[in-house]
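Here the structure comes first, spelled out in structure tokens, and everything after it is commentary.
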Amino acid sequence: MSKPKIVILGAGYGGMMTAVRLEKELKAEDADITLVNKHNYHYQTTWLHEAAAGTIHHDRTRMLIKNVINTKRVKFVQDTVGSIDRENKKVALKNGEIEYDYLIVALGFESNTFGIKGLAENAFAIRSVNTARKIREHIEYKFASYNNDPDAKDSDLTIVVGGAGLSGIEFLGELVDRIPDLCKEYDIDPNKVKIVDVEGMPFVLPPFDRELAKYAQNYLESKGVTFKLSTFIKEATPEGVKVQKKDSEELEEIQAGTVVWTGGVKANHIPADSGFETNRGKIQVTEDLRYPEDDHIFAVGDVAWSSPKDAERPYPPTAQIAIQEAENLAKNIKHILHGEKTEAFVYKPKGTVASLGEKQAIGVVFDHKLTGKPAAAMKKVIDDRYLLMLGGVPLVLKKGKLNLL
Ligand code: FAD
Ligand code: NAD
């Protein structure tokens, strides 16, 4: 009898961790495992704000998939998923198709522009290695042109960040580290550079501890960031953004050479476009992360609507949850192949730490609040712990943040 074919779509946190754990949970004779991803590398989305600001090189965030998975056990296919055909148990790829017996959808997130006029065309999003690199290069180009281009304007040195959620705040933290170096490099008076964050809520980091959010705001303001709170981005143009204060009719224009949108994320569009039953684009899954209408299909990470029992909202889209779901799913696939009962996914929150550049951070870890250098060190521990889980000590030594070498 031929072995069941397990196909994993997407090599982000959810897909990579599922692949690596399946390698361990299953014997070679149990199943054929294939991982499909559009690039030949896996990247740390959680470090992309650093690559976008240029505080780390983008190569630091990525690693070749073949160097992390055991390619004798998991076949890697570099291709782009187009659609999923559940009836015929096939996935259409840009360069062919692939059949499955068990399918794991781990296609992650996309930037959500909420239909705001001009955002898709005129603003950058921190989404992938390529988008992060584009932001860094664009900012560098604006700085490099300032003293050389006769048409250069002061507003070319203004950077607007849309949203002050965790992505926006972490990106601002990197920017305030990076701008002084850029000013030195391109002979620019630092007083000419403006960093403006526009946030619709009356405070930064809406879902976070208020005291820690205020710490982050005060720190970033002390480094020159201006926050426009209770203010919404209504439009992005080639010249900047148009914003509107809550309860005001007037639109204010902020001219800016760079606009980076961190105002929200949504699930990858492919499941909804392929006819999956979705909730706000996310595949609704059962307690064991299974698609209710087809018990051979599973979803993990940002593309899955997984939630605590009877909750109305899904778990937030975080790497932490994608990783835990992947660990649970790999065990369950083994149970299923061995005819055993599956285990419900139970999220075990460990806390959240947000970096504010290299040496500052805020966080709540196991119910303890942290700020400053201890929080920044904790963030590096969290980053390295993931590398340890994925590729063991060699990967930590190669890519880790704690500078062990
Ligand atoms: P993704 O990481 O999005 O991976 C999806 C994979 O699928 C990617 O490799 C992608 O290239 C691939 N793919 C997509 N479409 C296709 C296709 N059509 N064909 C083939 N392959 C495809 N969360 C935390 O817990 N902690 C943090 O510190 C943190 N920091 C963050 C910082 C930033 C700047 C951002 C933007 C997010 C951060 N998050 C953080 C959230 C976290 O990154 C996401 O929740 C996480 O990436 C979700 O993992 P995933 O595996 O579901 O999807
Ligand atoms: P988010 O949805 O959490 O935050 C978006 C922010 O943009 C919100 O504060 C919202 O009020 C604001 N906003 C939306 N529309 C706006 C508009 N028109 N004008 C002005 N402001 C507007 O998105 P995110 O920060 O990208 O985070 C996405 C996910 O990734 C979350 O689950 C988050 O927890 C996770 N994440 C975690 C970390 C970490 O753990 N360190 C870091 C980054 C992201």
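Labels for the structure tokens follow display order: chains A, B, ..., residues from 1 in each chain, ligands from 1.
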
Find the residues around A:Val241 up to 12 Å (only C-alpha atoms counted), leave out those fewer than 2 positions away in its own chain, and share them as a PyMOL selection string.
chain A and resi 116-119+121-123+155+158-162+196-198+231-239+243-244+251-261

Counting only C-alpha atoms and all ligand atoms, what are the residues, protein, DNA or RNA alike, that approach ligand 2 to within 6 Å? I want them as a PyMOL selection string.
chain A and resi 162-168+198-201+205-206+231-234+262-265+316-318+352-354

With only C-alpha atoms and all ligand atoms counted and 6 Å as the cut-off, give the residues of chain A in contact with ligand 1, each with its shortest interatomic distance in Å and the pair that gives it, as CSV.
residue,atom,partner,partner_atom_place_in_ligand_line,distance
A:Gly10,CA,ligand 1,7 (O),3.4
A:Ala11,CA,ligand 1,9 (O),4.3
A:Gly12,CA,ligand 1,4 (O),3.2
A:Tyr13,CA,ligand 1,51 (O),3.7
A:Gly14,CA,ligand 1,51 (O),3.7
A:Gly15,CA,ligand 1,51 (O),5.6
A:Asn37,CA,ligand 1,21 (N),3.8
A:Lys38,CA,ligand 1,20 (C),3.9
A:His42,CA,ligand 1,9 (O),5.7
A:Thr45,CA,ligand 1,43 (O),4.4
A:Thr46,CA,ligand 1,30 (N),3.5
A:Trp47,CA,ligand 1,32 (C),5.9
A:Leu48,CA,ligand 1,34 (C),5.1
A:His49,CA,ligand 1,34 (C),4.6
A:Asp79,CA,ligand 1,20 (C),5.9
A:Thr80,CA,ligand 1,19 (N),3.5
A:Val81,CA,ligand 1,19 (N),3.7
A:Gly82,CA,ligand 1,18 (N),5.8
A:Ala106,CA,ligand 1,52 (O),5.4
A:Leu107,CA,ligand 1,7 (O),4.0
A:Gly108,CA,ligand 1,53 (O),3.1
A:Phe109,CA,ligand 1,3 (O),4.7
A:Ile126,CA,ligand 1,36 (C),5.6
A:Arg127,CA,ligand 1,36 (C),5.7
A:Ser167,CA,ligand 1,34 (C),4.6
A:Gly301,CA,ligand 1,52 (O),3.3
A:Asp302,CA,ligand 1,52 (O),4.0
A:Val303,CA,ligand 1,52 (O),5.9
A:Pro317,CA,ligand 1,45 (O),4.2
A:Thr318,CA,ligand 1,45 (O),3.1
A:Ala319,CA,ligand 1,25 (O),3.6
A:Gln320,CA,ligand 1,25 (O),4.0
A:Ala322,CA,ligand 1,49 (O),5.4

Can you check which residues of stretch 125-299 of chain A DSSP gives as strand (DSSP E or B) on the backbone and send them as a PyMOL selection string?
chain A and resi 125+158-162+194-198+225-228+231-237+240-245+251-255+258-261+265-267+278-279+282-284+290+297-299

Contact table stretch 166-284 of chain A vs stretch 50-65 of chain A, cut-off 10 Å, shortest pair per residue, only C-alpha atoms, as CSV:
residue,atom,partner,partner_atom,distance
A:Glu170,CA,A:Glu50,CA,8.2
A:Phe171,CA,A:Glu50,CA,6.8
A:Leu172,CA,A:Ala53,CA,8.5
A:Gly173,CA,A:Glu50,CA,8.9
A:Glu174,CA,A:Ala53,CA,5.9
A:Leu175,CA,A:Ala53,CA,5.5
A:Val176,CA,A:Ala53,CA,9.1
A:Asp177,CA,A:Thr55,CA,7.5
A:Arg178,CA,A:Thr55,CA,6.1
A:Ile179,CA,A:Ala53,CA,8.7
A:Asp181,CA,A:Thr55,CA,9.7
A:Leu182,CA,A:Gly54,CA,9.6
A:Val260,CA,A:Ala52,CA,9.7

Take the residues from that selection and put them in a file with N, CA and C atoms, as a PDB file, in the first residue's frame.
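Result written to part.pdb:
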ATOM      1  N   GLU A 170       7.214  48.599  17.144  1.00  0.00           N
ATOM      2  CA  GLU A 170       8.546  47.972  17.001  1.00  0.00           C
ATOM      3  C   GLU A 170       9.333  48.615  15.853  1.00  0.00           C
ATOM      4  N   PHE A 171       8.635  48.954  14.775  1.00  0.00           N
ATOM      5  CA  PHE A 171       9.312  49.590  13.644  1.00  0.00           C
ATOM      6  C   PHE A 171       9.826  50.977  14.049  1.00  0.00           C
ATOM      7  N   LEU A 172       9.014  51.724  14.793  1.00  0.00           N
ATOM      8  CA  LEU A 172       9.460  53.050  15.262  1.00  0.00           C
ATOM      9  C   LEU A 172      10.707  52.911  16.132  1.00  0.00           C
ATOM     10  N   GLY A 173      10.729  51.878  16.962  1.00  0.00           N
ATOM     11  CA  GLY A 173      11.896  51.640  17.824  1.00  0.00           C
ATOM     12  C   GLY A 173      13.162  51.446  17.002  1.00  0.00           C
ATOM     13  N   GLU A 174      13.032  50.739  15.902  1.00  0.00           N
ATOM     14  CA  GLU A 174      14.205  50.528  15.029  1.00  0.00           C
ATOM     15  C   GLU A 174      14.579  51.827  14.313  1.00  0.00           C
ATOM     16  N   LEU A 175      13.551  52.566  13.870  1.00  0.00           N
ATOM     17  CA  LEU A 175      13.826  53.815  13.141  1.00  0.00           C
ATOM     18  C   LEU A 175      14.614  54.795  14.010  1.00  0.00           C
ATOM     19  N   VAL A 176      14.224  54.912  15.290  1.00  0.00           N
ATOM     20  CA  VAL A 176      14.931  55.901  16.123  1.00  0.00           C
ATOM     21  C   VAL A 176      16.373  55.461  16.396  1.00  0.00           C
ATOM     22  N   ASP A 177      16.640  54.172  16.288  1.00  0.00           N
ATOM     23  CA  ASP A 177      18.037  53.702  16.364  1.00  0.00           C
ATOM     24  C   ASP A 177      18.792  54.025  15.076  1.00  0.00           C
ATOM     25  N   ARG A 178      18.113  53.890  13.965  1.00  0.00           N
ATOM     26  CA  ARG A 178      18.763  53.936  12.654  1.00  0.00           C
ATOM     27  C   ARG A 178      18.983  55.360  12.126  1.00  0.00           C
ATOM     28  N   ILE A 179      18.032  56.251  12.405  1.00  0.00           N
ATOM     29  CA  ILE A 179      18.081  57.587  11.788  1.00  0.00           C
ATOM     30  C   ILE A 179      19.385  58.339  12.104  1.00  0.00           C
ATOM     31  N   ASP A 181      22.334  57.237  12.493  1.00  0.00           N
ATOM     32  CA  ASP A 181      23.392  56.691  11.620  1.00  0.00           C
ATOM     33  C   ASP A 181      23.190  57.140  10.176  1.00  0.00           C
ATOM     34  N   LEU A 182      21.930  57.127   9.726  1.00  0.00           N
ATOM     35  CA  LEU A 182      21.650  57.558   8.346  1.00  0.00           C
ATOM     36  C   LEU A 182      22.017  59.025   8.168  1.00  0.00           C
ATOM     37  N   VAL A 260       4.789  54.042   5.777  1.00  0.00           N
ATOM     38  CA  VAL A 260       4.800  52.598   6.061  1.00  0.00           C
ATOM     39  C   VAL A 260       3.516  52.263   6.812  1.00  0.00           C
TER      40      VAL A 260
END

What does the distance from atom CA of A:Leu22 to atom CA of A:Arg290 come to in Å, to one decimal?
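So the answer is 16.4 Å.
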
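Distances here use only C-alpha atoms; by that measure, the residue among A:Thr371, A:Ser355, A:Thr342, A:Ser274 closest to A:Ser83 is A:Ser274.
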
Please, what distance in Å, to one decimal, runs between atom CA of A:Met1 and atom CA of A:Ile33?
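About the pair atom CA of A:Met1 and atom CA of A:Ile33: they are 16.2 Å apart.
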
For A:Lys398: contacts at 12 Å, only C-alpha atoms, fewer than 3 positions along chain excluded, given as a PyMOL selection string:
chain A and resi 59-63+67-68+384+387-388+391-395+401-405

Pick out the residues sitting within 9 Å of A:Glu23, and hand them over as a ChimeraX atom specification; count only C-alpha atoms, and ignore anything fewer than 4 positions along from it in its own chain.
/A:18-19,27-28,33,69-70,73-74,330

Using only C-alpha atoms, find the one residue out of A:Glu277, A:Asp209, A:Glu97, A:Asp85 that sits nearest to A:Gly351.
A:Asp209

Apply DSSP to the backbone of this structure and, from stretch 13-87 of chain A, keep only the residues in alpha helix (DSSP H); write these as a list in words.
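Taking stretch 13-87 of chain A and keeping alpha helix (DSSP H) gives Tyr13, Gly14, Gly15, Met16, Met17, Thr18, Ala19, Val20, Arg21, Leu22, Glu23, Lys24, Glu25, Leu48, His49, Glu50, Ala51, Ala52 and Ala53 of chain A.
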
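Atom to atom, atom CA of A:Ile84 and atom CA of A:Pro271 stand 7.2 Å apart.
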
Contacts of A:Thr278 at 9 Å (only C-alpha atoms; same-chain gap of 5+ positions) as an NGL selection string:
:A and (271-272 or 283-284 or 304-305)

Leaving out A:Asp154 and any residue of its chain fewer than 4 positions from it, which residues lie within 8 Å of it when counting only C-alpha atoms, given as a ChimeraX atom specification?
/A:146,158,192-193

Set the distance at 10 Å and use only C-alpha atoms: which residues neighbour A:Pro308 once local chain neighbours fewer than 5 positions away are removed? I'd like the list as a list in words.
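Near A:Pro308, the qualifying residues are Glu287, Arg313, Pro314, Tyr315, Phe345, Val346 and Tyr347 of chain A.
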
Nearest-residue call for A:Ile169, choices A:Glu250, A:Glu221, A:Asp294, A:Asp30, using only C-alpha atoms:
A:Glu221

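Among the candidates A:Lys282, A:Ala375, A:Lys89, A:Val77, the residue lying nearest to A:Ser307 is A:Lys282 (atoms considered: only C-alpha atoms).
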